[in-house]
file upload-v6.json (JSON, C-alpha atoms)
[["chain", "number", "residue", "atom", "x", "y", "z"],
["W", 195, "VAL", "CA", 105.89, -95.59, 83.61],
["W", 196, "ARG", "CA", 102.70, -95.11, 85.61],
["W", 197, "GLN", "CA", 100.80, -93.79, 82.56],
["W", 198, "ARG", "CA", 101.93, -96.74, 80.44],
["W", 199, "ALA", "CA", 100.96, -99.16, 83.20],
["W", 200, "GLU", "CA", 97.49, -97.66, 83.37],
["W", 201, "LYS", "CA", 96.94, -97.67, 79.61],
["W", 202, "SER", "CA", 98.58, -101.01, 78.70],
["W", 203, "GLY", "CA", 97.04, -104.44, 79.00],
["W", 204, "ALA", "CA", 99.03, -107.23, 80.58],
["W", 205, "PRO", "CA", 101.42, -108.63, 79.60],
["W", 206, "SER", "CA", 103.31, -105.65, 78.15],
["W", 207, "VAL", "CA", 106.62, -103.83, 78.66],
["W", 208, "ILE", "CA", 106.13, -100.57, 80.54],
["W", 209, "TYR", "CA", 109.83, -99.78, 81.05],
["W", 210, "ARG", "CA", 113.03, -101.03, 79.42],
["W", 211, "GLU", "CA", 116.52, -100.07, 80.59],
["W", 212, "GLN", "CA", 118.62, -98.29, 77.97],
["W", 213, "GLY", "CA", 121.14, -100.31, 75.97],
["W", 214, "LEU", "CA", 124.82, -100.41, 76.96],
["W", 215, "VAL", "CA", 125.90, -97.76, 74.44],
["W", 216, "SER", "CA", 123.15, -95.35, 75.51],
["W", 217, "LYS", "CA", 124.05, -95.84, 79.18],
["W", 218, "LEU", "CA", 127.73, -95.18, 78.46],
["W", 219, "LEU", "CA", 126.87, -91.96, 76.64],
["W", 220, "ARG", "CA", 124.55, -90.87, 79.44],
["W", 221, "ASP", "CA", 127.18, -91.50, 82.15],
["W", 222, "LEU", "CA", 130.45, -90.61, 80.43],
["W", 223, "LEU", "CA", 129.88, -88.20, 77.53],
["W", 224, "SER", "CA", 131.63, -84.85, 78.00],
["W", 225, "GLU", "CA", 133.31, -82.09, 76.00],
["W", 226, "GLU", "CA", 136.61, -84.00, 76.29],
["W", 227, "PHE", "CA", 135.46, -86.55, 73.69],
["W", 228, "THR", "CA", 136.87, -85.76, 70.24],
["W", 229, "ALA", "CA", 134.97, -88.51, 68.40],
["W", 230, "ILE", "CA", 132.38, -91.23, 68.94],
["W", 231, "ARG", "CA", 132.83, -93.98, 66.36],
["W", 232, "VAL", "CA", 130.18, -96.67, 65.83],
["W", 233, "ASP", "CA", 130.58, -99.68, 63.53],
["W", 234, "ASN", "CA", 126.91, -100.72, 63.52],
["W", 235, "GLU", "CA", 124.43, -98.88, 61.27],
["W", 236, "GLU", "CA", 121.44, -99.28, 63.58],
["W", 237, "GLU", "CA", 123.43, -98.34, 66.69],
["W", 238, "TYR", "CA", 124.92, -95.37, 64.85],
["W", 239, "HIS", "CA", 121.48, -93.79, 64.32],
["W", 240, "ARG", "CA", 120.52, -94.58, 67.92],
["W", 241, "VAL", "CA", 123.69, -92.89, 69.19],
["W", 242, "ARG", "CA", 122.94, -89.79, 67.11],
["W", 243, "GLU", "CA", 119.47, -89.59, 68.66],
["W", 244, "VAL", "CA", 120.87, -89.89, 72.20],
["W", 245, "VAL", "CA", 123.64, -87.32, 71.65],
["W", 246, "GLU", "CA", 121.25, -84.91, 69.98],
["W", 247, "ARG", "CA", 118.99, -85.16, 73.03],
["W", 248, "ILE", "CA", 121.60, -84.83, 75.81],
["W", 249, "MET", "CA", 124.48, -82.84, 74.22],
["W", 250, "PRO", "CA", 123.45, -81.58, 70.74],
["W", 251, "ASN", "CA", 126.66, -79.56, 70.36],
["W", 252, "LEU", "CA", 128.61, -82.86, 70.12],
["W", 253, "LEU", "CA", 126.46, -84.36, 67.36],
["W", 254, "GLY", "CA", 129.13, -83.62, 64.74],
["W", 255, "ARG", "CA", 131.58, -85.86, 66.61],
["W", 256, "VAL", "CA", 129.46, -88.99, 66.08],
["W", 257, "LYS", "CA", 131.04, -90.83, 63.15],
["W", 258, "ARG", "CA", 130.21, -94.06, 61.33],
["W", 259, "TYR", "CA", 133.10, -96.55, 61.24],
["W", 260, "THR", "CA", 133.03, -98.31, 57.85],
["W", 261, "LYS", "CA", 136.41, -100.07, 57.56],
["W", 262, "GLU", "CA", 136.56, -103.88, 57.22],
["W", 263, "PHE", "CA", 139.24, -104.06, 59.95],
["W", 264, "PRO", "CA", 137.63, -104.71, 63.40],
["W", 265, "ILE", "CA", 137.06, -101.43, 65.26],
["W", 266, "PHE", "CA", 138.52, -102.78, 68.54],
["W", 267, "GLU", "CA", 141.76, -103.70, 66.76],
["W", 268, "GLU", "CA", 141.90, -100.40, 64.86],
["W", 269, "TYR", "CA", 141.92, -98.32, 68.04],
["W", 270, "GLY", "CA", 143.80, -100.73, 70.31],
["W", 271, "VAL", "CA", 140.80, -101.52, 72.52],
["W", 272, "GLN", "CA", 141.31, -105.28, 72.38],
["W", 273, "SER", "CA", 144.94, -105.02, 73.48],
["W", 274, "GLU", "CA", 143.87, -102.83, 76.44],
["W", 275, "ILE", "CA", 141.25, -105.41, 77.44],
["W", 276, "ASP", "CA", 143.87, -108.17, 77.25],
["W", 277, "LYS", "CA", 146.24, -106.13, 79.45],
["W", 278, "ALA", "CA", 143.43, -105.41, 81.93],
["W", 279, "LEU", "CA", 142.89, -109.15, 82.43],
["W", 280, "ARG", "CA", 146.55, -109.80, 83.32],
["W", 281, "SER", "CA", 147.90, -109.54, 86.85],
["W", 282, "LYS", "CA", 151.19, -107.86, 85.82],
["W", 283, "VAL", "CA", 151.19, -104.37, 84.25],
["W", 284, "TRP", "CA", 154.48, -102.93, 82.98],
["W", 285, "LEU", "CA", 155.38, -99.27, 83.49],
["W", 286, "LYS", "CA", 157.16, -97.20, 80.84],
["W", 287, "SER", "CA", 160.28, -96.91, 83.01],
["W", 288, "GLY", "CA", 160.70, -100.71, 83.18],
["W", 289, "GLY", "CA", 159.08, -101.16, 86.58],
["W", 290, "TYR", "CA", 155.78, -102.98, 86.99],
["W", 291, "ILE", "CA", 152.77, -103.42, 89.23],
["W", 292, "VAL", "CA", 151.07, -106.70, 90.17],
["W", 293, "ILE", "CA", 147.30, -106.73, 90.78],
["W", 294, "ASN", "CA", 145.69, -109.62, 92.66],
["W", 295, "GLN", "CA", 141.96, -109.79, 93.38],
["W", 296, "THR", "CA", 140.75, -111.85, 96.34],
["W", 297, "GLU", "CA", 137.35, -112.25, 97.95],
["W", 298, "ALA", "CA", 138.25, -109.82, 100.75],
["W", 299, "LEU", "CA", 140.32, -107.16, 98.99],
["W", 300, "VAL", "CA", 142.49, -106.17, 96.02],
["W", 301, "ALA", "CA", 146.27, -106.18, 96.58],
["W", 302, "ILE", "CA", 148.51, -104.09, 94.30],
["W", 303, "ASP", "CA", 152.30, -104.43, 94.59],
["W", 304, "VAL", "CA", 154.86, -102.06, 93.00],
["W", 305, "ASN", "CA", 158.30, -103.28, 91.82],
["W", 306, "THR", "CA", 161.25, -101.55, 90.12],
["W", 307, "GLY", "CA", 161.69, -104.47, 87.68],
["W", 308, "ARG", "CA", 164.18, -103.58, 84.95],
["W", 309, "TYR", "CA", 164.42, -99.93, 85.99],
["W", 310, "VAL", "CA", 167.66, -99.18, 87.86],
["W", 311, "GLY", "CA", 167.78, -95.40, 87.44],
["W", 312, "LYS", "CA", 170.78, -93.30, 86.46],
["W", 313, "ARG", "CA", 174.27, -94.62, 87.16],
["W", 314, "ASP", "CA", 175.19, -91.64, 89.31],
["W", 315, "GLY", "CA", 171.73, -91.34, 90.91],
["W", 316, "ARG", "CA", 170.59, -92.38, 94.36],
["W", 317, "LEU", "CA", 168.56, -95.54, 94.85],
["W", 318, "GLU", "CA", 165.96, -93.47, 96.74],
["W", 319, "ASP", "CA", 165.43, -91.28, 93.65],
["W", 320, "THR", "CA", 164.89, -94.36, 91.48],
["W", 321, "ILE", "CA", 162.34, -95.72, 93.96],
["W", 322, "VAL", "CA", 160.46, -92.41, 94.19],
["W", 323, "LYS", "CA", 160.28, -92.09, 90.41],
["W", 324, "THR", "CA", 158.94, -95.64, 90.07],
["W", 325, "ASN", "CA", 156.37, -95.09, 92.83],
["W", 326, "LEU", "CA", 155.16, -91.81, 91.27],
["W", 327, "GLU", "CA", 154.80, -93.44, 87.86],
["W", 328, "ALA", "CA", 152.97, -96.34, 89.50],
["W", 329, "THR", "CA", 150.40, -94.03, 91.14],
["W", 330, "ARG", "CA", 149.13, -92.88, 87.73],
["W", 331, "GLU", "CA", 148.96, -96.41, 86.35],
["W", 332, "ILE", "CA", 147.36, -97.82, 89.51],
["W", 333, "VAL", "CA", 144.47, -95.33, 89.41],
["W", 334, "ARG", "CA", 144.10, -95.91, 85.66],
["W", 335, "GLN", "CA", 143.91, -99.67, 86.22],
["W", 336, "ILE", "CA", 141.46, -99.24, 89.10],
["W", 337, "ARG", "CA", 139.14, -97.30, 86.79],
["W", 338, "LEU", "CA", 139.72, -99.55, 83.79],
["W", 339, "ARG", "CA", 139.13, -102.76, 85.75],
["W", 340, "ASP", "CA", 136.41, -101.13, 87.89],
["W", 341, "LEU", "CA", 137.97, -102.38, 91.12],
["W", 342, "GLY", "CA", 136.03, -101.64, 94.29],
["W", 343, "GLY", "CA", 135.91, -102.32, 98.02],
["W", 344, "ILE", "CA", 139.21, -102.35, 99.90],
["W", 345, "ILE", "CA", 142.33, -101.87, 97.76],
["W", 346, "VAL", "CA", 145.74, -102.21, 99.44],
["W", 347, "LEU", "CA", 148.74, -100.63, 97.68],
["W", 348, "ASP", "CA", 152.24, -101.82, 98.60],
["W", 349, "PHE", "CA", 154.69, -99.25, 97.25],
["W", 350, "ILE", "CA", 158.46, -99.74, 97.27],
["W", 351, "ASP", "CA", 159.84, -98.70, 100.66],
["W", 352, "MET", "CA", 161.15, -95.13, 100.82],
["W", 353, "GLU", "CA", 163.49, -93.96, 103.58],
["W", 354, "GLU", "CA", 162.58, -90.25, 103.57],
["W", 355, "ARG", "CA", 159.23, -89.21, 104.99],
["W", 356, "LYS", "CA", 158.87, -86.32, 102.52],
["W", 357, "ASN", "CA", 159.05, -88.82, 99.63],
["W", 358, "ARG", "CA", 156.34, -91.00, 101.16],
["W", 359, "GLN", "CA", 154.15, -87.93, 101.51],
["W", 360, "LYS", "CA", 154.92, -86.90, 97.94],
["W", 361, "VAL", "CA", 153.72, -90.28, 96.60],
["W", 362, "PHE", "CA", 150.60, -90.18, 98.78],
["W", 363, "GLN", "CA", 149.69, -86.69, 97.56],
["W", 364, "ALA", "CA", 150.25, -87.73, 93.92],
["W", 365, "LEU", "CA", 147.91, -90.68, 94.43],
["W", 366, "ASP", "CA", 145.31, -88.47, 96.10],
["W", 367, "GLN", "CA", 145.38, -86.09, 93.12],
["W", 368, "GLU", "CA", 144.92, -88.96, 90.66],
["W", 369, "LEU", "CA", 141.98, -90.34, 92.66],
["W", 370, "LYS", "CA", 140.19, -86.98, 92.37],
["W", 371, "LYS", "CA", 139.85, -87.66, 88.62],
["W", 372, "ASP", "CA", 137.88, -90.84, 89.38],
["W", 373, "ARG", "CA", 134.09, -90.64, 89.12],
["W", 374, "SER", "CA", 133.51, -93.28, 91.81],
["W", 375, "PRO", "CA", 133.79, -92.04, 95.43],
["W", 376, "SER", "CA", 137.05, -93.18, 96.99],
["W", 377, "LYS", "CA", 139.22, -92.43, 100.01],
["W", 378, "ALA", "CA", 142.93, -93.08, 100.59],
["W", 379, "LEU", "CA", 144.59, -93.73, 103.96],
["W", 380, "GLN", "CA", 148.34, -93.86, 104.59],
["W", 381, "VAL", "CA", 149.43, -96.66, 106.94],
["W", 382, "ALA", "CA", 152.26, -95.41, 109.18],
["W", 383, "ASP", "CA", 155.73, -95.83, 107.66],
["W", 384, "PHE", "CA", 155.30, -99.22, 106.01],
["W", 385, "GLY", "CA", 154.80, -97.92, 102.46],
["W", 386, "LEU", "CA", 151.21, -99.17, 102.48],
["W", 387, "ILE", "CA", 148.23, -97.13, 101.34],
["W", 388, "ILE", "CA", 144.66, -98.36, 101.71],
["W", 389, "ILE", "CA", 141.99, -97.13, 99.30],
["W", 390, "THR", "CA", 138.27, -97.66, 99.83],
["W", 391, "ARG", "CA", 136.34, -97.28, 96.58],
["W", 392, "LYS", "CA", 132.62, -97.59, 96.11],
["W", 393, "ARG", "CA", 131.74, -100.85, 94.37],
["W", 394, "VAL", "CA", 128.93, -100.26, 91.86],
["W", 395, "LYS", "CA", 129.17, -103.46, 89.87],
["W", 396, "GLN", "CA", 131.43, -106.47, 89.35],
["W", 397, "SER", "CA", 135.01, -105.85, 88.24],
["W", 398, "LEU", "CA", 136.12, -106.39, 84.65],
["W", 399, "GLU", "CA", 137.86, -109.63, 85.63],
["W", 400, "ARG", "CA", 134.71, -111.05, 87.25],
["W", 401, "VAL", "CA", 132.59, -110.07, 84.24],
["W", 402, "MET", "CA", 134.91, -111.30, 81.47],
["W", 403, "THR", "CA", 136.49, -114.39, 83.04],
["W", 404, "GLU", "CA", 135.46, -117.49, 84.95],
["W", 405, "PRO", "CA", 137.37, -119.80, 87.33],
["W", 406, "CYS", "CA", 139.75, -122.22, 85.62],
["W", 407, "PRO", "CA", 138.10, -125.68, 85.50],
["W", 408, "TYR", "CA", 141.52, -127.31, 85.94],
["W", 409, "CYS", "CA", 142.77, -125.56, 89.09],
["W", 410, "SER", "CA", 139.27, -124.53, 90.33],
["W", 411, "GLY", "CA", 140.32, -120.90, 90.33],
["W", 412, "SER", "CA", 143.19, -121.34, 92.80],
["W", 413, "GLY", "CA", 145.81, -120.57, 90.16],
["W", 414, "VAL", "CA", 148.02, -123.50, 91.27],
["W", 415, "ILE", "CA", 148.05, -127.30, 91.10],
["W", 416, "LYS", "CA", 150.14, -129.82, 93.03],
["W", 417, "SER", "CA", 153.59, -130.56, 91.64],
["W", 418, "SER", "CA", 154.37, -133.88, 89.94],
["W", 419, "ALA", "CA", 156.63, -134.87, 92.86],
["W", 420, "THR", "CA", 153.81, -134.23, 95.35],
["W", 421, "ILE", "CA", 151.39, -136.39, 93.34],
["W", 422, "CYS", "CA", 153.95, -139.21, 93.11],
["W", 423, "TYR", "CA", 154.36, -139.31, 96.89],
["W", 424, "GLU", "CA", 150.57, -139.17, 97.35],
["W", 425, "ILE", "CA", 150.31, -142.25, 95.12],
["W", 426, "LEU", "CA", 153.00, -143.97, 97.20],
["W", 427, "GLU", "CA", 151.12, -143.30, 100.46],
["W", 428, "GLU", "CA", 147.77, -144.34, 99.01],
["W", 429, "LEU", "CA", 149.08, -147.63, 97.60],
["W", 430, "LYS", "CA", 150.81, -148.46, 100.87],
["W", 431, "LYS", "CA", 147.46, -147.97, 102.57],
["W", 432, "ILE", "CA", 145.30, -150.05, 100.19],
["W", 433, "GLY", "CA", 148.02, -152.50, 99.08],
["W", 434, "PRO", "CA", 146.82, -155.43, 101.26],
["W", 435, "GLU", "CA", 143.36, -155.18, 99.67],
["W", 436, "LEU", "CA", 144.64, -155.53, 96.11],
["W", 437, "ASP", "CA", 144.27, -159.15, 94.95],
["W", 438, "GLY", "CA", 146.15, -160.24, 91.86],
["W", 439, "ARG", "CA", 149.67, -160.66, 90.63],
["W", 440, "GLY", "CA", 150.11, -157.03, 89.57],
["W", 441, "VAL", "CA", 148.77, -153.50, 89.88],
["W", 442, "LEU", "CA", 147.59, -151.21, 87.07],
["W", 443, "LEU", "CA", 148.16, -147.53, 87.82],
["W", 444, "ARG", "CA", 146.36, -145.01, 85.58],
["W", 445, "VAL", "CA", 147.79, -141.49, 85.83],
["W", 446, "ASN", "CA", 148.08, -138.25, 83.88],
["W", 447, "PRO", "CA", 150.88, -138.42, 81.24],
["W", 448, "ASP", "CA", 152.97, -135.87, 83.18],
["W", 449, "ILE", "CA", 152.87, -138.07, 86.29],
["W", 450, "ALA", "CA", 153.64, -141.20, 84.23],
["W", 451, "ARG", "CA", 156.74, -139.50, 82.85],
["W", 452, "ALA", "CA", 157.79, -138.33, 86.35],
["W", 453, "LEU", "CA", 157.47, -141.87, 87.77],
["W", 454, "LYS", "CA", 159.71, -143.23, 85.01],
["W", 455, "GLU", "CA", 162.29, -140.45, 85.19],
["W", 456, "GLU", "CA", 162.98, -138.03, 88.08],
["W", 457, "GLU", "CA", 160.70, -139.87, 90.56],
["W", 458, "ARG", "CA", 161.66, -143.45, 89.60],
["W", 459, "ALA", "CA", 162.84, -144.02, 93.18],
["W", 460, "VAL", "CA", 159.17, -143.68, 94.23],
["W", 461, "LEU", "CA", 158.20, -146.37, 91.71],
["W", 462, "ARG", "CA", 160.90, -148.72, 93.04],
["W", 463, "GLU", "CA", 159.72, -148.15, 96.61],
["W", 464, "LEU", "CA", 156.15, -148.89, 95.53],
["W", 465, "GLN", "CA", 157.09, -152.20, 93.93],
["W", 466, "GLU", "CA", 159.11, -153.21, 96.99],
["W", 467, "ALA", "CA", 156.32, -152.25, 99.37],
["W", 468, "LEU", "CA", 153.64, -154.15, 97.40],
["W", 469, "GLY", "CA", 155.82, -156.99, 96.23],
["W", 470, "LYS", "CA", 154.05, -156.80, 92.87],
["W", 471, "GLU", "CA", 154.77, -155.59, 89.36],
["W", 472, "ILE", "CA", 153.28, -152.13, 88.72],
["W", 473, "THR", "CA", 152.11, -151.23, 85.23],
["W", 474, "ILE", "CA", 151.80, -147.52, 84.53],
["W", 475, "ARG", "CA", 149.21, -146.44, 81.96],
["W", 476, "PRO", "CA", 149.18, -142.75, 80.92],
["W", 477, "ASP", "CA", 145.68, -141.32, 80.44],
["W", 478, "ALA", "CA", 145.32, -137.77, 79.06],
["W", 479, "HIS", "CA", 141.70, -137.66, 80.26],
["W", 480, "LEU", "CA", 142.81, -137.75, 83.89],
["W", 481, "HIS", "CA", 143.37, -134.47, 85.76],
["W", 482, "HIS", "CA", 146.98, -133.80, 86.78],
["W", 483, "GLU", "CA", 146.10, -134.66, 90.41],
["W", 484, "GLN", "CA", 143.93, -137.73, 89.69],
["W", 485, "PHE", "CA", 145.05, -141.37, 89.61],
["W", 486, "ASP", "CA", 143.32, -144.73, 89.49],
["W", 487, "VAL", "CA", 144.50, -148.08, 90.90],
["W", 488, "MET", "CA", 143.26, -151.59, 90.11],
["W", 489, "ALA", "CA", 144.53, -155.13, 90.57],
["W", 490, "ILE", "CA", 145.39, -157.20, 87.47]]
call {"tool": "encode", "arguments": {"input": "upload-v6.json", "output": "structure tokens"}}
result
Amino acid sequence: VRQRAEKSGAPSVIYREQGLVSKLLRDLLSEEFTAIRVDNEEEYHRVREVVERIMPNLLGRVKRYTKEFPIFEEYGVQSEIDKALRSKVWLKSGGYIVINQTEALVAIDVNTGRYVGKRDGRLEDTIVKTNLEATREIVRQIRLRDLGGIIVLDFIDMEERKNRQKVFQALDQELKKDRSPSKALQVADFGLIIITRKRVKQSLERVMTEPCPYCSGSGVIKSSATICYEILEELKKIGPELDGRGVLLRVNPDIARALKEEERAVLRELQEALGKEITIRPDAHLHHEQFDVMAI
């Protein structure tokens, strides 16, 4: 870099970070890889150059993908990405884990779901089996989603101390396979385990998604009943200021339907309180929680 800086005239590039594929090969390539398939001609030759430089014995495993079918679909990559962006992940036994990212930490909850174990088996055995299966999937999801910072795991409660220790040791063994530095801590007898994992970059969810423009990223909106009662309170407050023989109420179609059906008592109370006829006009352009009032 220094030599290029001394010899080059400004403006000129003296250093450029490697492309994504080259960085992945540099960081992840090992003898465990059985094949490296590339669907782009130019990238294929670049990958061969990189592999030949860093691990020439693996050069024969670099293969050109030439099928018309998308490479991500062919090898199930797209379905894995879709799963990694969902909060619920099913386990093979029928249990599932729920992953929720917040600003402060990541919470992962384990549930038995459809798995009830053997008919003649103990409930404790079913719980232990689900928790052990969950440890493998949790660490896999942590790596796949690149979760970092504080991660709190809420396993299903186990009565026997030896079972709690068994699950903790299984998790500790799985974490040793992770490249990022991490540490697990068992919290008393509550079934909670806290993992601290070094955060190198943003998680997969932060990189590939953005906050919902409708709910502003909260994941919830007010119910139709709540909005109807908010309209009632607002109209009671501004009613005396509305001149005219009637009132025009513009609302989202879902709220218009609610006012005419399950919340029609609210509409009657509104008309009685104002002493005026209320005309409801559905407007699909209005947000579920927005409404507009004007005298007519």
call {"tool": "closest_atom_pairs", "arguments": {"input": "upload-v6.json", "of": "stretch 236-270 of chain W", "to": "stretch 210-226 of chain W", "cutoff": "10 Å", "atoms": "all atoms listed in the file", "output": "CSV"}}
result
residue,atom,partner,partner_atom,distance
W:Glu237,CA,W:Val215,CA,8.2
W:Tyr238,CA,W:Val215,CA,9.9
W:Arg240,CA,W:Ser216,CA,8.1
W:Val241,CA,W:Ser216,CA,6.8
W:Glu243,CA,W:Ser216,CA,9.7
W:Val244,CA,W:Ser216,CA,6.8
W:Val245,CA,W:Leu219,CA,7.5
W:Ile248,CA,W:Arg220,CA,7.6
W:Met249,CA,W:Leu223,CA,8.3
W:Asn251,CA,W:Glu225,CA,9.1
W:Leu252,CA,W:Glu225,CA,7.6
call {"tool": "write_last_selection", "arguments": {"input": "upload-v6.json", "atoms": "C-alpha atoms", "output": "short mmCIF file (atom, residue, chain, number, x, y, z; two decimals), keeping the file's coordinate frame"}}
result
data_model
loop_
_atom_site.label_atom_id
_atom_site.label_comp_id
_atom_site.auth_asym_id
_atom_site.auth_seq_id
_atom_site.Cartn_x
_atom_site.Cartn_y
_atom_site.Cartn_z
CA GLU W 237 123.43 -98.34 66.69
CA TYR W 238 124.92 -95.37 64.85
CA ARG W 240 120.52 -94.58 67.92
CA VAL W 241 123.69 -92.89 69.19
CA GLU W 243 119.47 -89.59 68.66
CA VAL W 244 120.87 -89.89 72.20
CA VAL W 245 123.64 -87.32 71.65
CA ILE W 248 121.60 -84.83 75.81
CA MET W 249 124.48 -82.84 74.22
CA ASN W 251 126.66 -79.56 70.36
CA LEU W 252 128.61 -82.86 70.12
#
call {"tool": "closest_residue", "arguments": {"input": "upload-v6.json", "among": "W:Ser412, W:Gln335, W:Gly307, W:Arg391", "to": "W:Tyr290", "atoms": "only C-alpha atoms"}}
result
W:Gly307
call {"tool": "atom_distance", "arguments": {"input": "upload-v6.json", "atom1": "atom CA of W:Gln484", "atom2": "atom CA of W:Asn446"}}
result
7.2 Å
call {"tool": "axis_aligned_box", "arguments": {"input": "upload-v6.json", "around": "stretch 318-336 of chain W", "padding_each_side": "4 Å", "output": "AutoDock Vina command-line options"}}
result
--center_x 153.7 --center_y -95.5 --center_z 91.2 --size_x 32.5 --size_y 16.4 --size_z 19.1
call {"tool": "atom_distance", "arguments": {"input": "upload-v6.json", "atom1": "atom CA of W:Glu246", "atom2": "atom CA of W:Ser374"}}
result
26.4 Å
call {"tool": "residues_around", "arguments": {"input": "upload-v6.json", "residues": "stretch 254-260 of chain W", "least_positions_apart": "4", "cutoff": "9 Å", "atoms": "all atoms listed in the file", "output": "mmCIF file with C-alpha atoms, in the coordinates of the input"}}
result
data_model
loop_
_atom_site.group_PDB
_atom_site.id
_atom_site.type_symbol
_atom_site.label_atom_id
_atom_site.label_comp_id
_atom_site.auth_asym_id
_atom_site.auth_seq_id
_atom_site.Cartn_x
_atom_site.Cartn_y
_atom_site.Cartn_z
ATOM 1 C CA PHE W 227 135.460 -86.550 73.690
ATOM 2 C CA THR W 228 136.870 -85.760 70.240
ATOM 3 C CA ALA W 229 134.970 -88.510 68.400
ATOM 4 C CA ILE W 230 132.380 -91.230 68.940
ATOM 5 C CA ARG W 231 132.830 -93.980 66.360
ATOM 6 C CA VAL W 232 130.180 -96.670 65.830
ATOM 7 C CA ASP W 233 130.580 -99.680 63.530
ATOM 8 C CA ASN W 234 126.910 -100.720 63.520
ATOM 9 C CA GLU W 235 124.430 -98.880 61.270
ATOM 10 C CA TYR W 238 124.920 -95.370 64.850
ATOM 11 C CA VAL W 241 123.690 -92.890 69.190
ATOM 12 C CA ARG W 242 122.940 -89.790 67.110
ATOM 13 C CA VAL W 245 123.640 -87.320 71.650
ATOM 14 C CA PRO W 250 123.450 -81.580 70.740
ATOM 15 C CA ILE W 265 137.060 -101.430 65.260
#
call {"tool": "closest_residue", "arguments": {"input": "upload-v6.json", "among": "W:Val414, W:Leu347, W:Val283, W:Val381", "to": "W:Leu365", "atoms": "all atoms listed in the file"}}
result
W:Leu347
call {"tool": "closest_residue", "arguments": {"input": "upload-v6.json", "among": "W:Arg439, W:Gly289, W:Ala478, W:Tyr423", "to": "W:Glu457", "atoms": "only C-alpha atoms"}}
result
W:Tyr423
call {"tool": "residues_around", "arguments": {"input": "upload-v6.json", "residues": "stretch 275-278 of chain W", "least_positions_apart": "2", "cutoff": "10 Å", "atoms": "all atoms listed in the file", "output": "list of chain:residue names"}}
result
W:Phe266, W:Gly270, W:Val271, W:Gln272, W:Ser273, W:Arg280, W:Ser281, W:Lys282, W:Val283, W:Trp284, W:Ile293, W:Gln335, W:Ile336, W:Leu338, W:Arg339, W:Leu398, W:Glu399, W:Met402
call {"tool": "atom_distance", "arguments": {"input": "upload-v6.json", "atom1": "atom CA of W:Phe349", "atom2": "atom CA of W:Leu279"}}
result
21.4 Å
call {"tool": "closest_residue", "arguments": {"input": "upload-v6.json", "among": "W:Leu317, W:Gly385, W:Ser376, W:Asp366", "to": "W:Ile350", "atoms": "all atoms listed in the file"}}
result
W:Gly385
call {"tool": "residues_around", "arguments": {"input": "upload-v6.json", "residues": "W:Pro476", "least_positions_apart": "2", "cutoff": "10 Å", "atoms": "only C-alpha atoms", "output": "list of chain:residue names"}}
result
W:Leu443, W:Arg444, W:Val445, W:Asn446, W:Pro447, W:Asp448, W:Ile449, W:Ala450, W:Arg451, W:Thr473, W:Ile474, W:Ala478, W:His479, W:Leu480, W:Phe485
call {"tool": "closest_residue", "arguments": {"input": "upload-v6.json", "among": "W:Val460, W:Leu442, W:Leu436, W:Ile472", "to": "W:Thr420", "atoms": "only C-alpha atoms"}}
result
W:Val460
call {"tool": "build_atoms", "arguments": {"input": "upload-v6.json", "residues": "stretch 388-396 of chain W", "atoms": "N, CA, C and O atoms", "output": "PDB file, keeping the file's coordinate frame"}}
result
ATOM      1  N   ILE W 388     145.928 -97.656 101.869  1.00  0.00           N
ATOM      2  CA  ILE W 388     144.660 -98.360 101.710  1.00  0.00           C
ATOM      3  C   ILE W 388     143.646 -97.418 101.053  1.00  0.00           C
ATOM      4  O   ILE W 388     143.467 -96.285 101.492  1.00  0.00           O
ATOM      5  N   ILE W 389     143.023 -97.904  99.986  1.00  0.00           N
ATOM      6  CA  ILE W 389     141.990 -97.130  99.300  1.00  0.00           C
ATOM      7  C   ILE W 389     140.659 -97.856  99.485  1.00  0.00           C
ATOM      8  O   ILE W 389     140.574 -99.079  99.323  1.00  0.00           O
ATOM      9  N   THR W 390     139.628 -97.104  99.842  1.00  0.00           N
ATOM     10  CA  THR W 390     138.270 -97.660  99.830  1.00  0.00           C
ATOM     11  C   THR W 390     137.541 -96.994  98.676  1.00  0.00           C
ATOM     12  O   THR W 390     137.480 -95.763  98.601  1.00  0.00           O
ATOM     13  N   ARG W 391     137.019 -97.804  97.769  1.00  0.00           N
ATOM     14  CA  ARG W 391     136.340 -97.280  96.580  1.00  0.00           C
ATOM     15  C   ARG W 391     134.967 -97.918  96.456  1.00  0.00           C
ATOM     16  O   ARG W 391     134.820 -99.138  96.616  1.00  0.00           O
ATOM     17  N   LYS W 392     133.982 -97.096  96.189  1.00  0.00           N
ATOM     18  CA  LYS W 392     132.620 -97.590  96.110  1.00  0.00           C
ATOM     19  C   LYS W 392     132.489 -98.630  95.000  1.00  0.00           C
ATOM     20  O   LYS W 392     132.887 -98.395  93.859  1.00  0.00           O
ATOM     21  N   ARG W 393     131.938 -99.788  95.350  1.00  0.00           N
ATOM     22  CA  ARG W 393     131.740-100.850  94.370  1.00  0.00           C
ATOM     23  C   ARG W 393     130.317-100.730  93.811  1.00  0.00           C
ATOM     24  O   ARG W 393     129.344-100.910  94.517  1.00  0.00           O
ATOM     25  N   VAL W 394     130.227-100.414  92.519  1.00  0.00           N
ATOM     26  CA  VAL W 394     128.930-100.260  91.860  1.00  0.00           C
ATOM     27  C   VAL W 394     128.502-101.549  91.185  1.00  0.00           C
ATOM     28  O   VAL W 394     127.358-101.962  91.253  1.00  0.00           O
ATOM     29  N   LYS W 395     129.462-102.191  90.544  1.00  0.00           N
ATOM     30  CA  LYS W 395     129.170-103.460  89.870  1.00  0.00           C
ATOM     31  C   LYS W 395     130.404-104.344  89.916  1.00  0.00           C
ATOM     32  O   LYS W 395     131.422-103.971  90.488  1.00  0.00           O
ATOM     33  N   GLN W 396     130.308-105.524  89.329  1.00  0.00           N
ATOM     34  CA  GLN W 396     131.430-106.470  89.350  1.00  0.00           C
ATOM     35  C   GLN W 396     132.604-105.913  88.548  1.00  0.00           C
ATOM     36  O   GLN W 396     132.421-105.181  87.577  1.00  0.00           O
TER      37      GLN W 396
END
